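Below is one structure, written out as structure tokens; the observations come after it.
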Amino acid sequence: MPMSDRANQVPWPPAPEYSVRLAQSTDIDRLVELLLALQGHIEGSNPTLWQMTAEARANLRGQVVSRLSAENGCAVVAAHSQAGLVGMAFGRVVTNHRYRPSRAGLIDQLYVDPGHRRRGIGQRLVSELCGFFARQGVDDLSLRYVVGNAEAAAFWTALGFEPRIVTAGASRRQVEAILVPDG
Ligand SMILES: CC(C)(COP(=O)(O)OP(=O)(O)OC[C@H]1O[C@@H](n2cnc3c(N)ncnc32)[C@H](O)[C@@H]1OP(=O)(O)O)[C@@H](O)C(=O)NCCC(=O)NCCS
């Protein structure tokens, strides 16, 4: 990528106190902490969202272990020279031969510790995932973020992502009240 193009996307030169690399097994405990922080942020962004159960929270470690060994996936972390791991991103390739393209890249989770935001770490993590997707021959990327998550909306919009499918929710009682008005 020409330097001029890169300068528009990722702060350059990158902040030297941060490094971005593939996640490894010694990162698992910190990855679980970051995933829990992400979940807290997401649930705080929209009170109508389904909430992760205590059981699922307790099982996060197992999920991280299997994600790190999944052949179709990539997990990357951002480390600060003093603070340790301050960011993470998970991506995976999904295949569905009923559609074209038959293979697409999903970005599942992205989180940067609040004290380290707006320094280009999020974009550096996504850049690493893009390298993985390119090596996999994947051209189309998609992801989900919660309505009300202002940081995510601004971040993904700045990278050119636009909504394609809207997921909507309502309580059954609310729907029924409209379908069959009282009286
Ligand atoms: C979204 C998130 C990962 C961004 O990480 P980050 O390291 O701060 O992102 P970057 O520094 O690479 O930001 C790149 C660009 O995105 C946009 N952006 C990022 N955060 C923004 C915010 N809070 N408000 C407005 N624009 C924002 C800006 O254009 C920014 O460039 P700039 O700082 O030069 O203006 C981080 O805010 C986060 O972890 N949020 C909570 C978790 C979350 O929402 N994750 C995504 C769910 S899918």
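Residue numbers start at 1 in each chain; chains themselves are named A, B, ... in the order of the structure tokens; ligands are numbered from 1 in the order shown.
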Residues near A:Val146, anyone? I mean within 9 Å using only C-alpha atoms, not counting same-chain ones fewer than 5 positions away, as a PDB file with C-alpha atoms, in the first residue's frame.
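Result file follows (out36.pdb):
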```pdb
ATOM      1  CA  ILE A  42     -22.432  -3.860  24.381  1.00  0.00           C
ATOM      2  CA  GLU A  43     -25.142  -4.560  26.961  1.00  0.00           C
ATOM      3  CA  SER A  45     -25.175   0.414  24.843  1.00  0.00           C
ATOM      4  CA  ASN A  46     -28.696  -0.898  24.435  1.00  0.00           C
ATOM      5  CA  LEU A  49     -30.430  -6.309  24.079  1.00  0.00           C
ATOM      6  CA  ALA A 152     -18.688   0.961  16.989  1.00  0.00           C
ATOM      7  CA  ALA A 153     -20.922   2.864  14.572  1.00  0.00           C
TER       8      ALA A 153
END
```
Taking only C-alpha atoms and all ligand atoms into account, list the residues no farther than 8 Å from ligand 1, as JSON, numbers by chain. {"A": [9, 10, 11, 38, 41, 42, 87, 107, 108, 109, 110, 111, 112, 113, 114, 116, 117, 118, 119, 120, 121, 122, 123, 124, 143, 144, 145, 146, 149, 150, 151, 152, 153, 154, 155, 156, 157, 158, 159]}
Sel. of helix (DSSP H, G or I) residues, stretch 119-175 of chain A, as a count of residues only: 28
Counting only C-alpha atoms, which of A:Ile178, A:Leu125, A:Val93, A:Ala104 gets nearest to A:Ala70?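 Answer, going by the shortest atom-to-atom distance: A:Val93.
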Considering only C-alpha atoms, return as a list in words whatever protein or nucleic-acid residues lie within 8 Å of A:Ile28, sequence-local ones (same chain, fewer than 5 positions apart) excluded.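 Here the answer would be Arg61, Val64 and Val65 of chain A.
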Selection to disk with C-alpha atoms, as a JSON list (two decimals), in the first residue's frame:
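As a result, result18.json now contains:
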```json
[["chain", "number", "residue", "atom", "x", "y", "z"],
["A", 61, "ARG", "CA", -12.63, -19.38, 28.51],
["A", 64, "VAL", "CA", -11.58, -18.63, 23.55],
["A", 65, "VAL", "CA", -9.57, -21.84, 23.64]]
```
Which polymer residues have any atom within 8 Å of an atom of stretch 19-22 of chain A, counting only C-alpha atoms, with same-chain residues fewer than 2 positions away left out, as a list in words?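 The contact residues come out as Pro16, Glu17, Gln24, Cys74, Ala75, Val76, Val77, Ala78, Ala79, His80, Ser81, Arg124, Leu125 and Glu128 of chain A.
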Write out as an mmCIF file with N, CA and C atoms, in the first residue's frame which residues come within 12 Å of A:Arg100 when counting only C-alpha atoms, dropping same-chain ones fewer than 5 positions away.
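Final output, selection_10.cif:
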```
data_model
loop_
_atom_site.group_PDB
_atom_site.id
_atom_site.type_symbol
_atom_site.label_atom_id
_atom_site.label_comp_id
_atom_site.auth_asym_id
_atom_site.auth_seq_id
_atom_site.Cartn_x
_atom_site.Cartn_y
_atom_site.Cartn_z
ATOM 1 N N THR A 95 -18.212 -20.231 5.106
ATOM 2 C CA THR A 95 -18.432 -20.752 3.757
ATOM 3 C C THR A 95 -19.888 -21.151 3.603
ATOM 4 N N VAL A 138 -10.373 -14.157 0.763
ATOM 5 C CA VAL A 138 -11.701 -13.621 1.078
ATOM 6 C C VAL A 138 -11.728 -12.127 0.767
ATOM 7 N N ASP A 139 -12.741 -11.711 0.006
ATOM 8 C CA ASP A 139 -12.831 -10.303 -0.383
ATOM 9 C C ASP A 139 -13.933 -9.534 0.330
ATOM 10 N N ASP A 140 -14.971 -10.234 0.778
ATOM 11 C CA ASP A 140 -16.118 -9.534 1.363
ATOM 12 C C ASP A 140 -16.097 -9.695 2.878
#
```
With distances taken over only C-alpha atoms, which of A:Gln82, A:Ser171, A:Asn72, A:Ser102 is nearest to A:Arg135? A:Asn72
Determine which residues of stretch 3-181 of chain A DSSP labels as strand (DSSP E or B) from the backbone of this structure, then write them out as a PyMOL selection string. chain A and resi 18-22+73-80+84-95+103-112+141-143
Just the number, please: distance in Å from atom CA of A:Val86 to atom CA of A:Arg67, one decimal.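 Going from atom CA of A:Val86 over to atom CA of A:Arg67, I get 18.8 Å.
The space separating atom CA of A:Ser25 from atom CA of A:Val94 comes to 23.3 Å.
Across the structure, atom CA of A:Ala23 and atom CA of A:Glu55 are spaced 24.5 Å apart.
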